[in-house]
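Text of work32.csv, listed as CSV, C-alpha atoms and all ligand atoms:
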chain,number,residue,atom,x,y,z
A,1,MET,CA,102.4,87.7,87.9
A,2,LYS,CA,103.7,87.2,91.5
A,3,ARG,CA,102.6,84.2,93.5
A,4,GLY,CA,101.9,86.1,96.7
A,5,ARG,CA,103.5,88.3,99.4
A,6,VAL,CA,106.5,87.1,101.4
A,7,PHE,CA,107.4,88.7,104.8
A,8,SER,CA,110.7,88.1,106.5
A,9,GLY,CA,112.5,90.0,109.3
A,10,ALA,CA,116.0,90.1,110.5
A,11,ARG,CA,117.6,91.8,113.5
A,12,PRO,CA,120.1,94.5,112.7
A,13,THR,CA,123.3,92.6,113.3
A,14,GLY,CA,125.7,94.8,111.2
A,15,ARG,CA,128.0,93.4,108.6
A,16,GLN,CA,126.7,90.1,107.4
A,17,HIS,CA,128.7,86.9,107.4
A,18,LEU,CA,128.7,83.7,105.3
A,19,GLY,CA,126.2,82.1,107.7
A,20,ASN,CA,123.8,85.0,107.1
A,21,TYR,CA,124.3,84.8,103.4
A,22,LEU,CA,123.9,81.0,103.0
A,23,GLY,CA,121.2,80.8,105.6
A,24,ALA,CA,119.0,83.8,104.6
A,25,ILE,CA,120.2,86.4,102.2
A,26,GLN,CA,120.5,84.1,99.1
A,27,ASN,CA,116.9,83.0,99.7
A,28,TYR,CA,115.8,86.6,100.1
A,29,VAL,CA,117.3,87.3,96.7
A,30,ALA,CA,115.8,84.2,95.0
A,31,LEU,CA,112.3,84.8,96.4
A,32,GLN,CA,112.2,88.2,94.6
A,33,GLU,CA,111.7,86.4,91.3
A,34,ASP,CA,108.3,84.9,92.3
A,35,TYR,CA,107.0,86.9,95.2
A,36,GLU,CA,106.3,90.4,96.2
A,37,CYS,CA,108.7,90.6,99.1
A,38,VAL,CA,108.6,92.7,102.3
A,39,TYR,CA,111.9,92.6,104.1
A,40,CYS,CA,112.1,94.2,107.5
A,41,VAL,CA,115.0,95.2,109.8
A,42,VAL,CA,113.3,94.2,113.1
A,43,ASP,CA,114.9,96.8,115.4
A,44,LEU,CA,112.2,96.6,118.0
A,45,HIS,CA,112.8,92.8,118.4
A,46,ALA,CA,116.5,93.7,119.0
A,47,LEU,CA,115.5,95.7,122.1
A,48,THR,CA,114.6,92.6,124.0
A,49,THR,CA,118.2,92.2,125.2
A,50,LEU,CA,118.6,96.0,125.8
A,51,THR,CA,122.3,95.6,125.1
A,52,GLU,CA,124.4,97.8,122.7
A,53,THR,CA,121.4,99.8,121.6
A,54,GLU,CA,123.8,102.6,120.6
A,55,LYS,CA,124.9,100.3,117.7
A,56,LEU,CA,121.4,99.8,116.3
A,57,LYS,CA,121.7,102.6,113.7
A,58,GLY,CA,125.2,101.6,112.5
A,59,ASN,CA,124.2,97.9,112.4
A,60,THR,CA,121.1,98.7,110.4
A,61,TYR,CA,123.2,100.6,107.9
A,62,GLU,CA,125.8,97.9,107.5
A,63,MET,CA,123.3,95.1,107.2
A,64,VAL,CA,121.2,96.8,104.6
A,65,LEU,CA,124.2,97.8,102.6
A,66,ASP,CA,125.2,94.1,102.5
A,67,TRP,CA,121.6,93.2,101.5
A,68,LEU,CA,121.7,95.6,98.6
A,69,ALA,CA,125.2,94.5,97.5
A,70,ALA,CA,124.0,90.9,97.6
A,71,GLY,CA,121.2,91.5,95.2
A,72,MET,CA,118.1,92.5,97.3
A,73,ASP,CA,116.3,94.9,95.0
A,74,PRO,CA,114.6,97.9,96.6
A,75,GLU,CA,112.8,98.6,93.4
A,76,THR,CA,110.8,95.3,93.5
A,77,SER,CA,111.0,94.5,97.3
A,78,ILE,CA,109.9,96.7,100.2
A,79,ILE,CA,112.9,97.0,102.5
A,80,PHE,CA,112.3,99.0,105.6
A,81,VAL,CA,112.9,99.3,109.4
A,82,GLN,CA,110.2,97.9,111.7
A,83,SER,CA,110.0,101.0,114.0
A,84,HIS,CA,109.6,103.3,111.0
A,85,VAL,CA,106.1,102.0,110.6
A,86,PRO,CA,104.7,102.3,114.2
A,87,GLN,CA,101.3,100.7,113.3
A,88,VAL,CA,103.0,97.4,114.2
A,89,THR,CA,103.1,98.3,117.9
A,90,GLU,CA,99.4,99.0,117.9
A,91,LEU,CA,98.6,95.7,116.2
A,92,HIS,CA,100.9,94.0,118.7
A,93,ILE,CA,98.8,95.3,121.6
A,94,ILE,CA,95.6,94.3,119.9
A,95,LEU,CA,96.9,90.8,119.2
A,96,SER,CA,98.2,90.4,122.7
A,97,MET,CA,94.5,90.5,123.9
A,98,VAL,CA,93.7,87.3,122.0
A,99,THR,CA,96.9,85.5,123.1
A,100,PRO,CA,96.6,83.3,126.2
A,101,MET,CA,99.5,83.8,128.6
A,102,GLY,CA,100.0,80.0,128.8
A,103,TRP,CA,100.8,79.9,125.1
A,104,LEU,CA,103.7,82.3,125.6
A,105,THR,CA,105.2,81.0,128.8
A,106,ARG,CA,105.2,77.4,127.5
A,107,LEU,CA,107.2,78.3,124.4
A,108,PRO,CA,110.7,76.6,124.5
A,109,THR,CA,112.2,79.8,123.0
A,110,PHE,CA,110.9,81.9,125.9
A,111,LYS,CA,112.4,79.4,128.4
A,112,GLU,CA,115.7,79.5,126.6
A,113,LYS,CA,115.7,83.3,126.7
A,114,VAL,CA,115.0,83.3,130.4
A,115,ARG,CA,118.0,81.0,130.8
A,116,LEU,CA,120.2,83.2,128.7
A,117,GLN,CA,119.3,86.5,130.4
A,118,PRO,CA,117.9,85.7,133.9
A,119,ASP,CA,118.5,89.2,135.1
A,120,ASN,CA,116.4,90.8,132.4
A,121,VAL,CA,113.2,88.8,131.9
A,122,ASN,CA,111.2,91.6,130.5
A,123,TYR,CA,107.7,91.7,129.0
A,124,GLY,CA,109.3,92.1,125.5
A,125,LEU,CA,110.8,88.6,125.8
A,126,LEU,CA,107.5,87.1,126.5
A,127,GLY,CA,105.5,89.1,123.9
A,128,TYR,CA,108.1,88.6,121.2
A,129,PRO,CA,106.1,86.0,119.3
A,130,VAL,CA,103.0,88.3,119.4
A,131,LEU,CA,105.1,91.2,117.9
A,132,MET,CA,106.2,88.7,115.2
A,133,ALA,CA,102.6,87.8,114.4
A,134,ALA,CA,101.9,91.6,114.1
A,135,ASP,CA,104.8,92.0,111.7
A,136,ILE,CA,103.6,89.3,109.4
A,137,THR,CA,99.9,90.0,109.5
A,138,LEU,CA,100.2,93.8,109.3
A,139,TYR,CA,101.7,93.5,105.8
A,140,LYS,CA,99.1,90.9,104.7
A,141,ALA,CA,101.9,88.4,104.0
A,142,ASP,CA,100.5,85.0,102.8
A,143,THR,CA,103.9,83.3,102.7
A,144,VAL,CA,106.7,83.2,105.2
A,145,PRO,CA,110.0,81.4,104.4
A,146,VAL,CA,111.3,79.4,107.4
A,147,GLY,CA,113.6,76.6,108.0
A,148,GLU,CA,112.2,73.4,109.5
A,149,ASP,CA,113.4,74.3,113.1
A,150,GLN,CA,111.5,77.7,112.9
A,151,ALA,CA,108.2,76.2,111.6
A,152,PRO,CA,106.7,76.1,115.2
A,153,HIS,CA,107.2,79.9,115.5
A,154,LEU,CA,105.1,80.5,112.4
A,155,GLU,CA,102.5,78.0,113.6
A,156,PHE,CA,102.2,80.3,116.7
A,157,THR,CA,101.4,83.2,114.4
A,158,ARG,CA,98.8,81.1,112.6
A,159,GLU,CA,97.2,80.2,115.9
A,160,ILE,CA,96.9,83.9,116.9
A,161,VAL,CA,95.4,84.7,113.5
A,162,ARG,CA,92.8,81.8,113.8
A,163,ARG,CA,91.9,83.0,117.2
A,164,PHE,CA,91.5,86.6,116.1
A,165,ASN,CA,89.5,85.7,113.1
A,166,HIS,CA,87.3,83.3,115.2
A,167,HIS,CA,86.5,86.2,117.6
A,168,PHE,CA,86.0,89.0,115.1
A,169,GLY,CA,85.4,87.4,111.7
A,170,PRO,CA,87.8,86.8,108.8
A,171,THR,CA,90.2,89.7,108.9
A,172,LEU,CA,93.8,88.7,109.1
A,173,ILE,CA,95.6,86.4,106.5
A,174,GLU,CA,96.8,83.1,108.0
A,175,PRO,CA,100.3,82.9,106.5
A,176,GLN,CA,101.5,79.7,104.9
A,177,ILE,CA,104.8,78.2,105.8
A,178,LYS,CA,107.2,78.0,102.9
A,179,LEU,CA,109.7,75.4,104.1
A,180,THR,CA,113.1,76.5,102.9
A,181,HIS,CA,116.4,74.8,103.1
A,182,TYR,CA,118.7,76.8,105.4
A,183,PRO,CA,122.0,75.0,105.6
A,184,ARG,CA,123.4,75.0,109.1
A,185,VAL,CA,126.6,76.9,108.6
A,186,MET,CA,129.2,76.1,111.3
A,187,GLY,CA,131.8,78.6,112.4
A,188,LEU,CA,135.6,78.5,112.0
A,189,ASP,CA,135.7,76.5,115.2
A,190,ARG,CA,133.6,73.7,113.7
A,191,VAL,CA,131.7,73.3,117.0
A,192,ASN,CA,129.3,76.3,117.0
A,193,LYS,CA,127.1,77.9,114.4
A,194,MET,CA,128.8,80.8,112.6
A,195,SER,CA,128.2,83.9,114.8
A,196,LYS,CA,129.8,87.3,115.1
A,197,SER,CA,129.5,87.2,118.9
A,198,LEU,CA,131.7,84.0,119.0
A,199,ASN,CA,134.1,85.6,116.5
A,200,ASN,CA,134.1,82.4,114.4
A,201,HIS,CA,132.8,84.1,111.3
A,202,ILE,CA,133.8,85.3,107.9
A,203,GLU,CA,132.2,88.6,106.8
A,204,LEU,CA,131.1,88.9,103.2
A,205,ALA,CA,133.0,92.2,103.0
A,206,PHE,CA,136.3,90.9,104.2
A,207,SER,CA,139.3,91.5,101.9
A,208,PRO,CA,140.9,88.4,100.3
A,209,GLU,CA,143.8,88.8,102.7
A,210,VAL,CA,141.5,88.7,105.8
A,211,ILE,CA,139.5,85.8,104.2
A,212,GLU,CA,142.8,83.8,103.9
A,213,GLN,CA,143.8,84.6,107.5
A,214,ARG,CA,140.5,83.4,108.8
A,215,VAL,CA,140.3,80.3,106.6
A,216,MET,CA,143.7,79.2,107.8
A,217,THR,CA,142.4,79.1,111.4
A,218,MET,CA,139.6,76.7,110.5
A,219,VAL,CA,139.4,73.5,112.4
A,220,THR,CA,139.6,70.5,110.1
A,221,ASP,CA,139.3,66.7,110.7
A,222,PRO,CA,140.7,66.4,114.3
A,223,GLN,CA,141.9,62.9,113.6
A,224,ARG,CA,144.2,64.0,110.8
A,225,ARG,CA,147.3,64.8,112.7
A,226,TYR,CA,150.0,64.2,110.1
A,227,ARG,CA,150.1,65.1,106.4
A,228,SER,CA,150.2,61.4,105.5
A,229,ASP,CA,147.0,60.6,107.5
A,230,PRO,CA,143.9,60.1,105.3
A,231,GLY,CA,141.3,62.7,106.0
A,232,ARG,CA,137.5,62.4,106.6
A,233,PRO,CA,135.8,65.2,104.5
A,234,GLU,CA,132.5,64.4,106.1
A,235,VAL,CA,133.6,65.7,109.5
A,236,CYS,CA,135.6,68.7,108.1
A,237,ASN,CA,134.2,72.1,108.0
A,238,VAL,CA,136.6,73.3,105.3
A,239,PHE,CA,135.2,70.6,103.1
A,240,ALA,CA,131.6,71.8,103.8
A,241,PHE,CA,132.6,75.2,102.6
A,242,HIS,CA,134.2,73.7,99.5
A,243,GLY,CA,130.7,72.3,98.8
A,244,PHE,CA,129.3,75.9,98.7
A,245,PHE,CA,132.2,77.7,97.0
A,246,SER,CA,134.2,75.1,95.0
A,247,ALA,CA,131.5,73.1,93.4
A,248,GLN,CA,133.6,72.2,90.4
A,249,GLN,CA,136.4,70.8,92.5
A,250,VAL,CA,134.6,69.2,95.3
A,251,GLU,CA,134.8,65.6,94.1
A,252,ASP,CA,138.5,65.8,93.5
A,253,ILE,CA,139.1,67.4,96.9
A,254,GLU,CA,137.1,64.6,98.5
A,255,SER,CA,139.2,61.8,97.0
A,256,GLN,CA,142.5,63.7,97.4
A,257,CYS,CA,141.6,64.2,101.1
A,258,ARG,CA,140.7,60.5,101.7
A,259,SER,CA,143.9,59.4,100.0
A,260,ALA,CA,146.1,62.0,101.7
A,261,GLU,CA,147.1,63.4,98.3
A,262,ILE,CA,146.3,66.9,99.6
A,263,GLY,CA,147.3,68.5,102.9
A,264,CYS,CA,145.0,70.6,104.9
A,265,VAL,CA,147.1,73.8,104.4
A,266,ASP,CA,146.8,73.5,100.6
A,267,CYS,CA,143.1,72.6,100.9
A,268,LYS,CA,142.5,75.7,103.0
A,269,ARG,CA,144.4,78.0,100.6
A,270,SER,CA,142.3,76.7,97.7
A,271,LEU,CA,139.1,77.4,99.7
A,272,ALA,CA,140.3,80.9,100.5
A,273,ARG,CA,141.0,81.6,96.8
A,274,ASN,CA,137.6,80.3,95.7
A,275,LEU,CA,135.8,82.2,98.5
A,276,ALA,CA,137.6,85.5,97.7
A,277,ALA,CA,136.8,85.1,94.0
A,278,SER,CA,133.1,84.2,94.7
A,279,LEU,CA,132.8,87.3,96.9
A,280,ALA,CA,134.7,89.7,94.6
A,281,PRO,CA,131.5,90.9,92.7
A,282,PHE,CA,129.8,91.5,96.1
A,283,ARG,CA,132.7,93.5,97.5
A,284,GLN,CA,132.9,95.6,94.4
A,285,ARG,CA,129.2,96.4,94.4
A,286,ARG,CA,129.3,97.2,98.1
A,287,ALA,CA,132.1,99.7,97.6
A,288,GLU,CA,130.1,101.3,94.7
A,289,LEU,CA,127.0,101.6,96.8
A,290,ALA,CA,128.8,102.9,99.8
A,291,ARG,CA,130.0,105.9,97.8
A,292,ASP,CA,126.5,107.4,98.3
A,293,GLU,CA,126.2,107.7,102.0
A,294,ASN,CA,122.5,108.5,101.8
A,295,LEU,CA,121.6,105.5,99.7
A,296,VAL,CA,120.7,103.1,102.5
A,297,TRP,CA,118.6,105.6,104.4
A,298,ASP,CA,116.8,106.6,101.1
A,299,VAL,CA,116.0,103.0,100.4
A,300,LEU,CA,114.7,102.5,104.0
A,301,SER,CA,112.7,105.7,103.8
A,302,ASP,CA,111.1,104.7,100.5
A,303,GLY,CA,110.4,101.2,102.0
A,304,ALA,CA,108.6,102.7,105.0
A,305,ASN,CA,106.6,105.0,102.7
A,306,ARG,CA,105.5,101.9,100.7
A,307,ALA,CA,104.8,99.8,103.7
A,308,THR,CA,102.8,102.4,105.6
A,309,PRO,CA,99.6,102.3,103.5
A,310,ILE,CA,99.5,98.5,103.7
A,311,ALA,CA,99.9,98.7,107.5
A,312,GLN,CA,97.3,101.4,107.9
A,313,GLU,CA,94.8,99.6,105.8
A,314,THR,CA,95.2,96.4,107.9
A,315,LEU,CA,95.0,98.3,111.2
A,316,GLU,CA,91.8,100.1,110.1
A,317,GLU,CA,90.2,96.8,109.1
A,318,VAL,CA,91.2,95.3,112.5
A,319,LYS,CA,89.8,98.2,114.4
A,320,ILE,CA,86.5,98.2,112.5
A,321,LYS,CA,86.1,94.4,113.0
A,322,ILE,CA,86.8,94.7,116.8
A,323,GLY,CA,84.4,97.7,117.0
A,324,LEU,CA,86.9,100.2,118.4
A,325,PRO,CA,85.2,103.7,118.3
B,1,LIG,FE1,139.5,69.0,105.5
B,1,LIG,FE2,140.7,69.5,103.2
B,1,LIG,FE3,142.1,68.6,105.4
B,1,LIG,FE4,140.5,67.0,104.1
B,1,LIG,S1,142.3,67.9,103.3
B,1,LIG,S2,140.6,67.2,106.3
B,1,LIG,S3,138.8,68.3,103.4
B,1,LIG,S4,141.0,70.5,105.2

Write the structure described by the file as structure tokens, please.
Amino acid sequence: MKRGRVFSGARPTGRQHLGNYLGAIQNYVALQEDYECVYCVVDLHALTTLTETEKLKGNTYEMVLDWLAAGMDPETSIIFVQSHVPQVTELHIILSMVTPMGWLTRLPTFKEKVRLQPDNVNYGLLGYPVLMAADITLYKADTVPVGEDQAPHLEFTREIVRRFNHHFGPTLIEPQIKLTHYPRVMGLDRVNKMSKSLNNHIELAFSPEVIEQRVMTMVTDPQRRYRSDPGRPEVCNVFAFHGFFSAQQVEDIESQCRSAEIGCVDCKRSLARNLAASLAPFRQRRAELARDENLVWDVLSDGANRATPIAQETLEEVKIKIGLP
């Protein structure tokens, strides 16, 4: 017996990296045990920037292939593309009618987006949280996994639901926040979050050789200038990754670093080996799945077919409650 229904969406960003895996995908996989999961590639959300739209299809394919190889199960979870179930756009419009403008313009995320793309402050940027509320409520999700920093976004959805239900009577489910630990995964540069656009990432599908090349460029403890200098693992990103991928050795590495018994080059080589070994089953599964070039599209088509009746039912309930003819 499942505990409820989870919804989560991710923009189509192509091949996934360690930050995506540690921050989201491993949670997606784990949640499948206890929840009925609805996982959505939010391609409409990706349009807010209007850049590189020609890559949306390829990025969707690569991301979903990585999801499947990492253990997201299309038999138990509904995995689909947002725009393949167009009812979400209709619900978005309806929910926008109960959303005060002031709520949207005051959101720090909107202000940040205006700062980042001052030449393209489109309606989609402003209405983005309403589309998110439509995503979640359309599929009757009662649980949404979020990190602490994203909790205010979900609170916004809950406010829209309360407002709608107050106007028209109980209709939409107010989703509960499932606070989930999302480690902040820093990039190879140690300064920024891991991100493809900053080219400070390690893709899950990289070969062992490329993993080693990338790991060797990682920034370590900046105060450790000579091999004989004691290191400070607590400020070293290589050490943080050992925590994820070298659990058995992490205590030894910590003491060897502090006493300068190990140099950074050897420490990185050991991380690269452990990382490549951890990702080997993923790489093998990805290669197997990629042999069938229709597989990802078949999974997404099946997901849309299963998501549509849920969406249609919600939309009909909403329209009846409002009194639309
Ligand atoms: Fe980081 Fe390892 Fe160098 Fe210590 S020895 S500073 S943990 S890379």

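The smallest atom-to-atom distance between ligand LIG 1 (chain B) and any of A:Arg227, A:Arg306, A:Lys321, A:Lys57, using only C-alpha atoms and all ligand atoms, is found for A:Arg227.
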
Would you list the residues near (101.3, 80.3, 109.9), meaning any protein, DNA or RNA residue with an atom at most 8 Å from that point in file coordinates, counting all atoms listed in the file, as a short mmCIF file (atom, residue, chain, number, x, y, z; two decimals) with C-alpha atoms, in the coordinates of the input?
data_model
loop_
_atom_site.label_atom_id
_atom_site.label_comp_id
_atom_site.auth_asym_id
_atom_site.auth_seq_id
_atom_site.Cartn_x
_atom_site.Cartn_y
_atom_site.Cartn_z
CA VAL A 144 106.70 83.20 105.20
CA LEU A 154 105.10 80.50 112.40
CA GLU A 155 102.50 78.00 113.60
CA PHE A 156 102.20 80.30 116.70
CA THR A 157 101.40 83.20 114.40
CA ARG A 158 98.80 81.10 112.60
CA GLU A 159 97.20 80.20 115.90
CA GLU A 174 96.80 83.10 108.00
CA PRO A 175 100.30 82.90 106.50
CA GLN A 176 101.50 79.70 104.90
CA ILE A 177 104.80 78.20 105.80
#

Could you give me, as a JSON list (two decimals) with C-alpha atoms, in the frame of the given file, every polymer residue with an atom at most 6 Å away from an atom of ligand LIG 1 (chain B), counting all atoms listed in the file?
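The file below, result.json, is the result:
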[["chain", "number", "residue", "atom", "x", "y", "z"],
["A", 220, "THR", "CA", 139.60, 70.50, 110.10],
["A", 221, "ASP", "CA", 139.30, 66.70, 110.70],
["A", 231, "GLY", "CA", 141.30, 62.70, 106.00],
["A", 232, "ARG", "CA", 137.50, 62.40, 106.60],
["A", 233, "PRO", "CA", 135.80, 65.20, 104.50],
["A", 236, "CYS", "CA", 135.60, 68.70, 108.10],
["A", 238, "VAL", "CA", 136.60, 73.30, 105.30],
["A", 239, "PHE", "CA", 135.20, 70.60, 103.10],
["A", 257, "CYS", "CA", 141.60, 64.20, 101.10],
["A", 262, "ILE", "CA", 146.30, 66.90, 99.60],
["A", 263, "GLY", "CA", 147.30, 68.50, 102.90],
["A", 264, "CYS", "CA", 145.00, 70.60, 104.90],
["A", 267, "CYS", "CA", 143.10, 72.60, 100.90],
["A", 268, "LYS", "CA", 142.50, 75.70, 103.00]]

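Proximity to stretch 79-84 of chain A at 6 Å, evaluated using all atoms listed in the file and with sequence-adjacent residues fewer than 3 positions away removed, yields Tyr39, Cys40, Val41, Val42, Leu300, Gly303 and Ala304 of chain A.
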
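For the atom pair formed by atom CA of A:Val85 and atom CA of A:Ala311, the distance is 7.7 Å, given to one decimal.
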
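Minimum atom-to-atom distance to A:Tyr28, evaluated using all atoms listed in the file, belongs to A:Tyr182 out of A:Phe282, A:Tyr182, A:Trp103, A:Phe110.
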
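For the residues A:Val146, A:Leu104, A:Ile202, A:Leu188, ranking by smallest atom-to-atom distance to A:Val219 using only C-alpha atoms places A:Leu188 first.
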
Next item on the list: Fewer than 6 positions away in the same chain doesn't count, so skip those; otherwise give me all residues within 8 Å of stretch 3-5 of chain A, counting all atoms listed in the file, as a PyMOL selection string.
Entry: chain A and resi 34-38+140-143
